[in-house]
>>> print(open('target.txt').read())   # compact mmCIF, C-alpha atoms and all ligand atoms
# COMPACT_ATOMS: atom_id res chain seq x y z
CA MET A 1 -21.11 -15.92 -18.21
CA SER A 2 -23.39 -18.02 -16.06
CA ASP A 3 -26.33 -19.44 -17.99
CA ASP A 4 -28.97 -17.62 -15.90
CA VAL A 5 -27.82 -14.14 -17.00
CA ARG A 6 -27.97 -14.94 -20.70
CA SER A 7 -30.70 -13.22 -22.69
CA ILE A 8 -30.03 -15.55 -25.64
CA PRO A 9 -30.22 -19.20 -24.65
CA LYS A 10 -27.52 -21.71 -25.50
CA ARG A 11 -28.05 -24.09 -28.40
CA MET A 12 -26.81 -26.99 -26.28
CA PRO A 13 -29.50 -29.68 -25.86
CA SER A 14 -30.65 -30.09 -22.24
CA ASP A 15 -28.85 -32.90 -20.36
CA TRP A 16 -26.20 -32.90 -23.08
CA SER A 17 -23.29 -35.23 -22.51
CA PRO A 18 -20.69 -35.15 -25.32
CA PRO A 19 -19.63 -38.57 -26.61
CA VAL A 20 -15.92 -37.65 -26.50
CA PRO A 21 -14.07 -35.15 -24.32
CA ALA A 22 -12.67 -31.82 -25.55
CA TRP A 23 -11.09 -28.90 -23.74
CA SER A 24 -11.55 -25.18 -24.12
CA ALA A 25 -8.92 -22.58 -23.17
CA GLN A 26 -10.34 -19.52 -21.44
CA ALA A 27 -9.41 -16.04 -22.62
CA PRO A 28 -9.24 -13.30 -19.99
CA LYS A 29 -12.58 -11.47 -19.92
CA GLU A 30 -11.14 -8.16 -18.75
CA ARG A 31 -8.80 -7.44 -21.68
CA ALA A 32 -8.26 -8.01 -25.38
CA LEU A 33 -5.93 -10.64 -26.84
CA CYS A 34 -3.93 -9.77 -29.91
CA ILE A 35 -3.30 -12.22 -32.74
CA ALA A 36 -1.05 -10.88 -35.50
CA TYR A 37 -0.47 -12.62 -38.82
CA TYR A 38 2.63 -11.15 -40.47
CA GLY A 39 3.21 -12.45 -44.00
CA ILE A 40 5.61 -12.17 -46.90
CA GLN A 41 4.69 -13.23 -50.44
CA VAL A 42 7.09 -13.90 -53.31
CA LEU A 43 6.67 -15.54 -56.69
CA GLU A 44 7.85 -19.11 -56.26
CA GLY A 45 11.59 -19.44 -56.73
CA THR A 46 12.30 -15.70 -56.49
CA CYS A 47 13.30 -13.27 -53.73
CA ALA A 48 14.73 -15.91 -51.37
CA ALA A 49 16.84 -13.17 -49.77
CA SER A 50 13.69 -11.17 -48.94
CA VAL A 51 12.15 -14.17 -47.19
CA SER A 52 15.36 -14.74 -45.18
CA GLU A 53 15.48 -11.08 -44.25
CA PHE A 54 11.84 -11.18 -43.13
CA ARG A 55 12.48 -14.26 -40.96
CA SER A 56 15.57 -12.68 -39.38
CA TRP A 57 13.68 -9.45 -38.75
CA PHE A 58 10.95 -11.34 -36.95
CA GLN A 59 13.42 -13.25 -34.78
CA VAL A 60 14.93 -9.95 -33.65
CA LEU A 61 11.46 -8.63 -32.82
CA LEU A 62 10.77 -11.69 -30.65
CA ARG A 63 13.62 -10.71 -28.32
CA LEU A 64 12.36 -7.17 -27.68
CA PRO A 65 10.32 -5.91 -24.71
CA ASP A 66 6.58 -6.58 -25.18
CA ALA A 67 7.36 -9.47 -27.55
CA PRO A 68 4.52 -11.97 -28.12
CA ALA A 69 4.05 -14.81 -25.64
CA ASN A 70 3.69 -17.35 -28.46
CA CYS A 71 4.75 -17.36 -32.09
CA GLU A 72 4.06 -19.99 -34.76
CA TYR A 73 4.91 -20.11 -38.46
CA ALA A 74 3.34 -21.43 -41.64
CA GLU A 75 3.59 -21.44 -45.42
CA PHE A 76 1.39 -21.95 -48.46
CA ILE A 77 1.29 -21.33 -52.18
CA ASP A 78 -1.60 -19.02 -52.99
CA SER A 79 -4.01 -19.19 -55.92
CA GLN A 80 -1.74 -16.96 -58.01
CA GLY A 81 1.37 -19.04 -57.43
CA TYR A 82 2.95 -16.90 -54.74
CA TYR A 83 4.88 -18.59 -51.94
CA THR A 84 3.61 -17.03 -48.71
CA TRP A 85 5.24 -17.41 -45.32
CA LEU A 86 3.58 -16.28 -42.11
CA ALA A 87 4.59 -15.57 -38.54
CA ILE A 88 1.55 -15.81 -36.26
CA ALA A 89 2.11 -14.04 -32.97
CA TYR A 90 -0.04 -14.02 -29.84
CA TRP A 91 -0.13 -11.46 -27.04
CA GLN A 92 -2.13 -11.83 -23.83
CA ASP A 93 -2.73 -8.10 -23.89
CA ALA A 94 -3.28 -6.01 -27.01
CA ASN A 95 -1.52 -3.01 -25.38
CA SER A 96 1.75 -4.94 -25.54
CA TYR A 97 1.29 -5.34 -29.29
CA ASP A 98 0.76 -1.60 -29.67
CA ARG A 99 4.03 -0.84 -27.86
CA TRP A 100 5.95 -3.60 -29.67
CA SER A 101 4.80 -2.54 -33.13
CA ALA A 102 5.53 1.14 -32.43
CA GLY A 103 9.20 0.39 -31.64
CA ALA A 104 12.04 1.31 -33.99
CA ALA A 105 12.97 -2.27 -34.91
CA HIS A 106 9.44 -2.84 -36.19
CA GLN A 107 8.94 0.53 -37.85
CA ASN A 108 12.32 0.70 -39.55
CA TYR A 109 11.47 -2.41 -41.56
CA TRP A 110 7.73 -1.91 -41.98
CA SER A 111 7.90 1.73 -43.05
CA ALA A 112 10.99 1.45 -45.28
CA PRO A 113 10.57 2.55 -48.92
CA GLN A 114 11.76 -0.92 -50.03
CA ARG A 115 8.47 -2.38 -48.77
CA LEU A 116 6.80 -0.97 -51.87
CA GLN A 117 9.17 -2.86 -54.20
CA GLY A 118 9.97 -6.52 -54.68
CA ALA A 119 8.38 -8.94 -52.24
CA GLY A 120 4.92 -8.10 -50.86
CA VAL A 121 4.38 -8.04 -47.10
CA PHE A 122 1.18 -7.82 -45.11
CA ARG A 123 -0.16 -7.93 -41.60
CA GLU A 124 -3.59 -8.98 -40.41
CA VAL A 125 -3.79 -7.99 -36.76
CA LEU A 126 -6.79 -9.02 -34.68
CA GLN A 127 -7.55 -7.34 -31.38
CA VAL A 128 -10.12 -9.56 -29.70
CA PRO A 129 -11.85 -8.92 -26.37
CA GLY A 130 -11.86 -12.14 -24.32
CA GLU A 131 -15.63 -12.54 -24.63
CA ARG A 132 -15.28 -12.67 -28.44
CA ILE A 133 -12.87 -15.61 -28.78
CA GLU A 134 -13.33 -19.31 -28.16
CA MET A 135 -10.90 -22.22 -28.39
CA LEU A 136 -11.40 -25.98 -28.60
CA GLN A 137 -8.87 -28.84 -28.54
CA SER A 138 -9.28 -32.60 -28.74
CA ASN A 139 -6.32 -33.36 -26.45
CA PHE A 140 -5.77 -31.70 -23.07
CA SER A 141 -1.99 -31.40 -23.14
CA GLN A 142 -1.59 -30.41 -26.80
CA LYS A 143 -1.93 -26.66 -26.96
CA ALA A 144 -1.67 -24.49 -30.02
CA GLY A 145 -2.33 -20.93 -31.04
CA ALA A 146 -4.16 -18.75 -28.51
CA ALA A 147 -4.45 -21.71 -26.11
CA ARG A 148 -0.70 -21.36 -25.52
CA VAL A 149 -1.27 -17.95 -23.95
CA CYS A 150 -4.51 -18.74 -22.07
CA PRO A 151 -5.18 -21.24 -19.26
CA VAL A 152 -6.85 -24.51 -20.26
CA PRO A 153 -9.10 -25.86 -17.47
CA HIS A 154 -8.64 -29.58 -16.68
CA GLU A 155 -12.37 -30.11 -16.80
CA PRO A 156 -13.55 -30.98 -20.34
CA VAL A 157 -16.09 -28.58 -21.82
CA ARG A 158 -19.71 -29.68 -22.28
CA GLU A 159 -20.39 -27.21 -25.09
CA HIS A 160 -19.16 -29.19 -28.07
CA ASN A 161 -20.06 -31.94 -30.50
CA TYR A 162 -23.37 -30.43 -31.56
CA TRP A 163 -24.01 -27.70 -34.15
CA GLY A 164 -24.00 -24.44 -32.26
CA GLY A 165 -21.28 -25.46 -29.79
CA MET A 166 -18.88 -22.88 -31.20
CA ARG A 167 -21.38 -20.06 -30.61
CA ASP A 168 -22.20 -21.31 -27.11
CA ARG A 169 -18.51 -21.18 -26.17
CA LEU A 170 -18.32 -17.49 -27.05
CA ALA A 171 -19.15 -15.65 -23.83
CA ILE A 172 -20.68 -12.72 -25.70
CA SER A 173 -23.20 -14.96 -27.47
CA GLY A 174 -25.41 -14.87 -24.37
CA GLN A 175 -26.32 -11.27 -25.13
CA ASP A 176 -25.33 -10.58 -28.72
CA PRO A 177 -26.45 -12.47 -31.84
CA LEU A 178 -23.24 -11.30 -33.57
CA LEU A 179 -25.01 -10.44 -36.80
CA ALA A 180 -23.12 -9.20 -39.85
CA THR A 181 -22.88 -5.42 -39.66
CA ASP A 182 -22.20 -5.17 -43.40
CA PRO A 183 -23.76 -8.09 -45.27
CA GLN A 184 -22.78 -6.33 -48.54
CA ALA A 185 -19.08 -6.53 -47.69
CA LEU A 186 -18.62 -9.00 -50.52
CA SER A 187 -20.49 -7.15 -53.21
CA ASN A 188 -17.76 -4.66 -54.04
CA PRO A 189 -15.69 -5.54 -57.09
CA SER A 190 -12.13 -6.73 -56.56
CA VAL A 191 -9.43 -4.46 -57.90
CA GLU A 192 -6.53 -5.46 -60.10
CA GLY A 193 -3.10 -4.00 -60.64
CA LEU A 194 -2.24 -2.90 -57.14
CA SER A 195 1.47 -3.58 -57.34
CA GLY A 196 3.41 -0.82 -55.62
CA ARG A 197 0.43 0.25 -53.56
CA HIS A 198 -0.17 0.42 -49.86
CA VAL A 199 -3.58 -0.93 -48.98
CA ARG A 200 -5.44 -0.96 -45.73
CA ILE A 201 -8.84 -2.65 -45.48
CA ARG A 202 -11.55 -1.45 -43.16
CA VAL A 203 -13.21 -4.50 -41.71
CA PRO A 204 -16.93 -4.38 -40.87
CA GLY A 205 -17.96 -5.42 -37.36
CA ASN A 206 -18.54 -9.08 -36.46
CA VAL A 207 -16.33 -10.63 -39.14
CA ALA A 208 -15.56 -14.18 -37.90
CA VAL A 209 -12.04 -15.62 -38.20
CA ILE A 210 -11.29 -19.31 -37.73
CA ARG A 211 -7.90 -21.01 -37.42
CA SER A 212 -8.73 -24.71 -37.55
CA GLY A 213 -5.68 -26.89 -36.88
CA GLN A 214 -4.62 -30.49 -37.52
CA ASP A 215 -1.58 -32.03 -35.85
CA PHE A 216 -0.63 -35.26 -37.65
CA SER A 217 2.86 -35.64 -36.10
CA ASP A 218 2.12 -39.02 -34.48
CA LEU A 219 0.08 -40.71 -37.20
CA GLN A 220 1.20 -44.13 -38.39
CA GLY A 221 -0.08 -47.11 -40.36
CA ASP A 222 -3.83 -47.18 -41.03
CA GLU A 223 -4.43 -43.84 -39.39
CA TRP A 224 -1.87 -42.10 -41.59
CA ALA A 225 -3.28 -43.82 -44.68
CA LEU A 226 -6.83 -42.78 -43.85
CA TYR A 227 -5.81 -39.25 -42.95
CA SER A 228 -3.63 -38.61 -45.99
CA GLN A 229 -5.89 -40.37 -48.51
CA ARG A 230 -9.37 -39.44 -47.23
CA ILE A 231 -9.33 -36.52 -44.82
CA GLU A 232 -6.55 -34.29 -46.14
CA PRO A 233 -7.95 -34.23 -49.72
CA ALA A 234 -11.39 -33.37 -48.32
CA LEU A 235 -9.88 -30.59 -46.24
CA ARG A 236 -8.04 -29.22 -49.27
CA ASP A 237 -11.23 -29.30 -51.37
CA GLY A 238 -13.21 -27.57 -48.63
CA MET A 239 -10.76 -24.70 -48.26
CA ASP A 240 -10.45 -24.41 -52.02
CA PHE A 241 -14.24 -24.28 -52.37
CA LEU A 242 -14.44 -21.45 -49.84
CA ALA A 243 -11.70 -19.53 -51.64
CA ARG A 244 -13.60 -19.75 -54.93
CA HIS A 245 -17.16 -19.21 -53.65
CA GLY A 246 -17.00 -16.14 -51.46
CA GLN A 247 -20.27 -14.66 -52.72
CA GLU A 248 -22.17 -17.85 -52.05
CA THR A 249 -20.71 -18.64 -48.62
CA GLY A 250 -19.85 -15.22 -47.16
CA CYS A 251 -16.20 -16.26 -47.01
CA LEU A 252 -13.83 -13.31 -47.42
CA SER A 253 -10.61 -15.31 -47.47
CA SER A 254 -9.64 -18.99 -47.21
CA ARG A 255 -6.13 -20.41 -46.96
CA LEU A 256 -4.82 -23.87 -46.12
CA LEU A 257 -1.36 -23.62 -44.57
CA ARG A 258 1.40 -26.00 -43.52
CA GLU A 259 3.18 -25.10 -40.31
CA THR A 260 6.95 -24.62 -40.33
CA ASP A 261 9.58 -23.74 -37.79
CA ALA A 262 11.06 -20.25 -37.56
CA MET A 263 13.47 -21.02 -40.42
CA GLY A 264 10.81 -22.40 -42.75
CA HIS A 265 11.34 -26.15 -42.25
CA ARG A 266 8.05 -28.01 -42.54
CA LEU A 267 6.30 -29.51 -39.51
CA SER A 268 3.60 -32.19 -39.45
CA ARG A 269 0.87 -29.73 -38.67
CA SER A 270 -1.55 -27.75 -40.84
CA PHE A 271 -4.45 -25.40 -40.42
CA GLY A 272 -7.24 -23.76 -42.36
CA LEU A 273 -7.48 -20.01 -41.89
CA ALA A 274 -10.68 -18.36 -43.04
CA HIS A 275 -12.55 -15.09 -42.61
CA PHE A 276 -16.33 -14.90 -42.90
CA VAL A 277 -18.75 -11.97 -43.04
CA SER A 278 -20.31 -13.28 -39.81
CA LEU A 279 -20.33 -16.21 -37.42
CA GLN A 280 -23.61 -17.33 -38.96
CA HIS A 281 -21.95 -17.69 -42.36
CA LEU A 282 -19.22 -19.85 -40.82
CA GLU A 283 -21.80 -21.94 -38.95
CA ASP A 284 -23.87 -22.45 -42.10
CA TRP A 285 -20.87 -23.72 -44.05
CA ALA A 286 -19.74 -26.03 -41.22
CA ARG A 287 -23.12 -27.60 -40.50
CA SER A 288 -24.64 -27.88 -43.94
CA HIS A 289 -22.19 -27.53 -46.79
CA PRO A 290 -21.15 -30.81 -48.46
CA THR A 291 -17.47 -29.81 -48.34
CA HIS A 292 -17.30 -29.53 -44.53
CA LEU A 293 -19.69 -32.43 -44.07
CA ARG A 294 -17.35 -34.56 -46.18
CA ILE A 295 -14.39 -33.62 -43.93
CA TYR A 296 -16.50 -34.26 -40.85
CA ASN A 297 -17.86 -37.61 -42.08
CA GLU A 298 -14.43 -38.83 -43.19
CA PHE A 299 -13.19 -38.01 -39.70
CA LEU A 300 -16.06 -39.94 -38.05
CA ALA A 301 -15.45 -42.88 -40.40
CA MET A 302 -11.75 -42.93 -39.45
CA ALA A 303 -12.58 -42.75 -35.73
CA GLN A 304 -14.97 -45.66 -36.14
CA ALA A 305 -12.52 -47.73 -38.20
CA LEU A 306 -9.82 -47.27 -35.54
CA GLY A 307 -12.10 -47.88 -32.56
CA GLY A 308 -11.71 -44.28 -31.38
CA GLN A 309 -7.95 -44.71 -30.83
CA LEU A 310 -6.74 -41.62 -32.68
CA GLN A 311 -3.41 -39.88 -32.61
CA LEU A 312 -4.73 -37.07 -34.82
CA ARG A 313 -5.11 -33.93 -32.74
CA LEU A 314 -7.58 -31.27 -33.80
CA TRP A 315 -7.99 -27.79 -32.43
CA HIS A 316 -9.42 -24.45 -33.42
CA GLU A 317 -9.80 -20.86 -32.35
CA VAL A 318 -12.63 -18.60 -33.50
CA ALA A 319 -12.70 -14.82 -33.05
CA VAL A 320 -15.60 -12.51 -33.86
CA LEU A 321 -14.05 -9.10 -34.45
CA PRO A 322 -15.32 -5.79 -33.17
CA ALA A 323 -15.34 -3.12 -35.89
CA HIS A 324 -12.51 -1.09 -34.40
CA GLU A 325 -8.79 -1.70 -33.83
CA GLN A 326 -8.40 -4.32 -36.57
CA VAL A 327 -5.47 -3.87 -38.96
CA PHE A 328 -5.51 -5.49 -42.40
CA GLU A 329 -2.60 -3.93 -44.24
CA TYR A 330 -0.97 -4.99 -47.51
CA LEU A 331 2.25 -3.54 -48.94
CA ASN A 332 3.02 -4.31 -52.57
CA CYS A 333 0.87 -7.45 -52.48
CA HIS A 334 -1.13 -8.76 -55.43
CA ALA A 335 -4.85 -7.95 -55.53
CA GLY A 336 -5.98 -11.43 -54.52
CA THR A 337 -4.15 -11.36 -51.18
CA GLY A 338 -6.15 -11.87 -48.00
CA LEU A 339 -9.12 -9.55 -47.63
CA MET A 340 -8.04 -7.48 -50.65
CA ALA A 341 -9.75 -9.91 -52.99
CA HIS A 342 -13.18 -8.65 -51.94
CA ALA A 343 -12.37 -5.06 -51.14
CA GLY A 344 -13.71 -2.08 -53.06
CA VAL A 345 -11.75 0.94 -54.24
CA SER A 346 -12.94 3.03 -51.31
CA THR A 347 -10.94 0.91 -48.93
CA PHE A 348 -7.59 1.91 -50.39
CA ILE A 349 -5.54 4.65 -48.87
CA SER A 350 -2.96 6.64 -50.74
CA PRO A 351 0.74 6.42 -49.89
CA HIS A 352 0.48 10.00 -48.56
CA ASP A 353 -1.82 8.87 -45.76
CA SER A 354 -0.05 5.66 -45.09
CA GLY A 355 3.09 6.38 -43.14
CA VAL A 356 5.04 4.39 -45.74
CA GLN A 357 7.28 6.50 -47.90
CA ALA A 358 6.40 5.93 -51.53
C1 LIG B 1 -9.28 -32.22 -40.90
C2 LIG B 1 -10.00 -31.13 -40.76
C3 LIG B 1 -11.30 -31.03 -39.99
C4 LIG B 1 -11.97 -31.96 -39.27
C5 LIG B 1 -11.58 -33.43 -39.02
C6 LIG B 1 -13.15 -31.34 -38.74
C7 LIG B 1 -14.08 -31.96 -37.93
C8 LIG B 1 -14.99 -31.29 -37.14
C9 LIG B 1 -15.65 -31.83 -35.99
C10 LIG B 1 -15.48 -33.26 -35.49
C11 LIG B 1 -16.42 -30.85 -35.47
C12 LIG B 1 -17.27 -30.93 -34.20
C13 LIG B 1 -16.38 -30.44 -33.07
C14 LIG B 1 -17.01 -30.37 -31.70
O1 LIG B 1 -17.90 -29.53 -31.47
O2 LIG B 1 -16.61 -31.14 -30.83
C15 LIG B 1 -16.25 -29.68 -36.28
C16 LIG B 1 -16.84 -28.49 -36.04
C17 LIG B 1 -16.60 -27.37 -36.76
N1 LIG B 1 -15.77 -27.24 -37.86
FE1 LIG B 1 -14.61 -28.66 -38.63
N2 LIG B 1 -13.21 -30.05 -39.18
C18 LIG B 1 -12.08 -29.80 -39.92
C19 LIG B 1 -11.73 -28.62 -40.53
C20 LIG B 1 -12.46 -27.46 -40.45
C21 LIG B 1 -12.11 -26.24 -41.10
C22 LIG B 1 -10.87 -26.04 -41.97
C23 LIG B 1 -13.06 -25.32 -40.76
C24 LIG B 1 -13.19 -23.88 -41.17
C25 LIG B 1 -12.54 -23.29 -42.14
C26 LIG B 1 -14.00 -25.98 -39.89
C27 LIG B 1 -15.10 -25.39 -39.30
C28 LIG B 1 -15.81 -25.95 -38.27
C29 LIG B 1 -16.72 -25.20 -37.43
C30 LIG B 1 -17.06 -23.72 -37.55
C31 LIG B 1 -17.21 -26.09 -36.47
C32 LIG B 1 -18.15 -25.77 -35.30
C33 LIG B 1 -19.58 -25.75 -35.70
C34 LIG B 1 -20.45 -25.43 -34.50
O3 LIG B 1 -20.07 -25.70 -33.35
O4 LIG B 1 -21.56 -24.94 -34.73
N3 LIG B 1 -13.61 -27.29 -39.74
N4 LIG B 1 -15.38 -29.98 -37.31
>>> encode(input="target.txt", output="structure tokens")
Amino acid sequence: MSDDVRSIPKRMPSDWSPPVPAWSAQAPKERALCIAYYGIQVLEGTCAASVSEFRSWFQVLLRLPDAPANCEYAEFIDSQGYYTWLAIAYWQDANSYDRWSAGAAHQNYWSAPQRLQGAGVFREVLQVPGERIEMLQSNFSQKAGAARVCPVPHEPVREHNYWGGMRDRLAISGQDPLLATDPQALSNPSVEGLSGRHVRIRVPGNVAVIRSGQDFSDLQGDEWALYSQRIEPALRDGMDFLARHGQETGCLSSRLLRETDAMGHRLSRSFGLAHFVSLQHLEDWARSHPTHLRIYNEFLAMAQALGGQLQLRLWHEVAVLPAHEQVFEYLNCHAGTGLMAHAGVSTFISPHDSGVQA
């Protein structure tokens, strides 16, 4: 959107010139992107066959018509000791996702009675109109996530390196303050003992989702030492803080993941994945909470120590979700999984309504 048709002004200071360049991929304005996180969770050391089956199933799905244009993978151990592995798939057009997920190869696995026994599986599927997603990357040629399915202009973006840059990069922010539509979303009690259940969460409008990535493949010497000893521990603490202080921060879910290949072999890339009640809650944490400021300041200190010559590549994508079309579905997962941790009883649907045979 051109600046003169905005009813809400940008936060960018006048005559702003960022001290370092960054690039911003542009989502198509006329349609919605789809970002689908498909996960499997197993108690560490158990159900290896289920994880293999899940990976094989996903590889088959990637060869079908309407398959995603990009797929990445990641793993983490959650707060309850469950190994979780994710496939993160990106479509340029949400209609393709609808057709792909309605196909027999998808449904035969997802709707099978076995999904309510043994390993838990879940999907968190975001359908995001182009005006509600923004992307930022510190290196022009290194693309990740949604930027692999959207064009990245050669011209660096001006809207970064000041607090409020993220909001300014969201096209919709010129007209919409993107306020929380349900600020009480966190006040419902969490529910225990859901094993064997099929859970779908209704997400209030304007929930903000960030995937904030770090590519440390090329780090050596002093840079690797500073990253692994100063920045990575700060990042881990920050994500852990968010996971444990949802009420205080408006964070609905926080995970720190390590990327892998399609077979589960680790890569030198990680990302934080977090959901907040609103963009404002995410902004508040980033700009003023000691845990993000520590990450941020450690990064600035490293850049200064190395004279700005960094191999570390940072990127992120932020989506502010409309209330409709979002799918947060958990099959046989423990009660602390994803958005379930903060969901109330009313959000659960019975197996009779679910399409999954109990
Ligand atoms: C090693 C990890 C991280 C580093 C080095 C880092 C550093 C930075 C830097 C340098 C900026 C300013 C970017 C710009 O506008 O050019 C920034 C912004 C931001 N960071 Fe982080 N960050 C990290 C992880 C995270 C994580 C995990 C989250 C969220 C869960 C996060 C949330 C944000 C947000 C929301 C902004 C934008 C604030 C705004 O524009 O108003 N960061 N971070």
>>> residues_around(input="target.txt", residues="segment 254-265 of chain A", least_positions_apart="2", cutoff="8 Å", atoms="all atoms listed in the file", output="ChimeraX atom specification")
/A:55,59,72-76,78,85,236,239-240,242-243,251-252,267-275,338
>>> residues_near_ligand(input="target.txt", ligand="ligand LIG 1 (chain B)", cutoff="8 Å", atoms="only C-alpha atoms and all ligand atoms", output="number ranges by chain")
A: 18, 20, 22, 136, 138, 159-168, 210-214, 231-232, 234-235, 238-239, 254, 256, 271-274, 282-283, 285-287, 292, 295-300, 314, 318
>>> write_last_selection(input="target.txt", atoms="C-alpha atoms", output="CSV table (one decimal), keeping the file's coordinate frame")
chain,number,residue,atom,x,y,z
A,18,PRO,CA,-20.7,-35.2,-25.3
A,20,VAL,CA,-15.9,-37.6,-26.5
A,22,ALA,CA,-12.7,-31.8,-25.6
A,136,LEU,CA,-11.4,-26.0,-28.6
A,138,SER,CA,-9.3,-32.6,-28.7
A,159,GLU,CA,-20.4,-27.2,-25.1
A,160,HIS,CA,-19.2,-29.2,-28.1
A,161,ASN,CA,-20.1,-31.9,-30.5
A,162,TYR,CA,-23.4,-30.4,-31.6
A,163,TRP,CA,-24.0,-27.7,-34.2
A,164,GLY,CA,-24.0,-24.4,-32.3
A,165,GLY,CA,-21.3,-25.5,-29.8
A,166,MET,CA,-18.9,-22.9,-31.2
A,167,ARG,CA,-21.4,-20.1,-30.6
A,168,ASP,CA,-22.2,-21.3,-27.1
A,210,ILE,CA,-11.3,-19.3,-37.7
A,211,ARG,CA,-7.9,-21.0,-37.4
A,212,SER,CA,-8.7,-24.7,-37.6
A,213,GLY,CA,-5.7,-26.9,-36.9
A,214,GLN,CA,-4.6,-30.5,-37.5
A,231,ILE,CA,-9.3,-36.5,-44.8
A,232,GLU,CA,-6.6,-34.3,-46.1
A,234,ALA,CA,-11.4,-33.4,-48.3
A,235,LEU,CA,-9.9,-30.6,-46.2
A,238,GLY,CA,-13.2,-27.6,-48.6
A,239,MET,CA,-10.8,-24.7,-48.3
A,254,SER,CA,-9.6,-19.0,-47.2
A,256,LEU,CA,-4.8,-23.9,-46.1
A,271,PHE,CA,-4.4,-25.4,-40.4
A,272,GLY,CA,-7.2,-23.8,-42.4
A,273,LEU,CA,-7.5,-20.0,-41.9
A,274,ALA,CA,-10.7,-18.4,-43.0
A,282,LEU,CA,-19.2,-19.8,-40.8
A,283,GLU,CA,-21.8,-21.9,-39.0
A,285,TRP,CA,-20.9,-23.7,-44.0
A,286,ALA,CA,-19.7,-26.0,-41.2
A,287,ARG,CA,-23.1,-27.6,-40.5
A,292,HIS,CA,-17.3,-29.5,-44.5
A,295,ILE,CA,-14.4,-33.6,-43.9
A,296,TYR,CA,-16.5,-34.3,-40.8
A,297,ASN,CA,-17.9,-37.6,-42.1
A,298,GLU,CA,-14.4,-38.8,-43.2
A,299,PHE,CA,-13.2,-38.0,-39.7
A,300,LEU,CA,-16.1,-39.9,-38.0
A,314,LEU,CA,-7.6,-31.3,-33.8
A,318,VAL,CA,-12.6,-18.6,-33.5
>>> residues_around(input="target.txt", residues="Thr337 of chain A", least_positions_apart="6", cutoff="12 Å", atoms="all atoms listed in the file", output="ChimeraX atom specification")
/A:39-42,77-84,120-124,190-192,194-195,199-201,243,252-255,328-331,343
>>> closest_residue(input="target.txt", among="A:His289, A:Arg132, A:Arg63, A:His245", to="Pro177 of chain A", atoms="all atoms listed in the file")
A:Arg132
>>> closest_residue(input="target.txt", among="A:Ser50, A:Asn70, A:Pro9, A:Glu134", to="Gln114 of chain A", atoms="all atoms listed in the file")
A:Ser50
>>> closest_residue(input="target.txt", among="A:Gln247, A:Gln304, A:Ser7, A:Ser17", to="His342 of chain A", atoms="all atoms listed in the file")
A:Gln247
>>> closest_residue(input="target.txt", among="A:Trp23, A:Trp315, A:Phe241, A:Trp16", to="Phe140 of chain A", atoms="all atoms listed in the file")
A:Trp23
>>> closest_residue(input="target.txt", among="A:Ala102, A:Ala305, A:Ala119, A:Val207", to="Ala225 of chain A", atoms="all atoms listed in the file")
A:Ala305
>>> closest_residue(input="target.txt", among="A:Leu86, A:Leu293, A:Ala49, A:Leu226", to="Leu310 of chain A", atoms="only C-alpha atoms")
A:Leu226
>>> atom_distance(input="target.txt", atom1="atom CA of Leu179 of chain A", atom2="atom CA of Asp15 of chain A")
28.1 Å
>>> decode(input="target.txt", residues="segment 56-85 of chain A", atoms="C-alpha atoms", output="PDB file, in the first residue's frame")
ATOM      1  CA  SER A  56       7.276 -41.595   4.613  1.00  0.00           C
ATOM      2  CA  TRP A  57       3.638 -40.510   4.454  1.00  0.00           C
ATOM      3  CA  PHE A  58       4.684 -36.895   4.073  1.00  0.00           C
ATOM      4  CA  GLN A  59       7.170 -37.698   1.306  1.00  0.00           C
ATOM      5  CA  VAL A  60       4.385 -39.411  -0.647  1.00  0.00           C
ATOM      6  CA  LEU A  61       2.152 -36.363  -0.171  1.00  0.00           C
ATOM      7  CA  LEU A  62       4.873 -34.100  -1.576  1.00  0.00           C
ATOM      8  CA  ARG A  63       4.684 -35.908  -4.924  1.00  0.00           C
ATOM      9  CA  LEU A  64       0.918 -35.455  -5.367  1.00  0.00           C
ATOM     10  CA  PRO A  65      -0.893 -32.783  -7.399  1.00  0.00           C
ATOM     11  CA  ASP A  66      -1.269 -29.518  -5.439  1.00  0.00           C
ATOM     12  CA  ALA A  67       1.760 -30.415  -3.293  1.00  0.00           C
ATOM     13  CA  PRO A  68       3.388 -27.515  -1.406  1.00  0.00           C
ATOM     14  CA  ALA A  69       5.951 -25.373  -3.217  1.00  0.00           C
ATOM     15  CA  ASN A  70       8.336 -25.547  -0.247  1.00  0.00           C
ATOM     16  CA  CYS A  71       8.695 -27.940   2.664  1.00  0.00           C
ATOM     17  CA  GLU A  72      11.073 -27.737   5.631  1.00  0.00           C
ATOM     18  CA  TYR A  73      11.481 -29.954   8.686  1.00  0.00           C
ATOM     19  CA  ALA A  74      12.358 -29.531  12.345  1.00  0.00           C
ATOM     20  CA  GLU A  75      12.496 -31.272  15.698  1.00  0.00           C
ATOM     21  CA  PHE A  76      12.433 -30.444  19.393  1.00  0.00           C
ATOM     22  CA  ILE A  77      11.854 -32.019  22.776  1.00  0.00           C
ATOM     23  CA  ASP A  78       8.860 -30.411  24.427  1.00  0.00           C
ATOM     24  CA  SER A  79       8.404 -29.437  28.064  1.00  0.00           C
ATOM     25  CA  GLN A  80       6.910 -32.843  28.871  1.00  0.00           C
ATOM     26  CA  GLY A  81       9.760 -34.808  27.316  1.00  0.00           C
ATOM     27  CA  TYR A  82       8.094 -35.648  24.031  1.00  0.00           C
ATOM     28  CA  TYR A  83      10.208 -35.781  20.878  1.00  0.00           C
ATOM     29  CA  THR A  84       8.316 -33.756  18.265  1.00  0.00           C
ATOM     30  CA  TRP A  85       9.078 -33.715  14.562  1.00  0.00           C
TER      31      TRP A  85
END
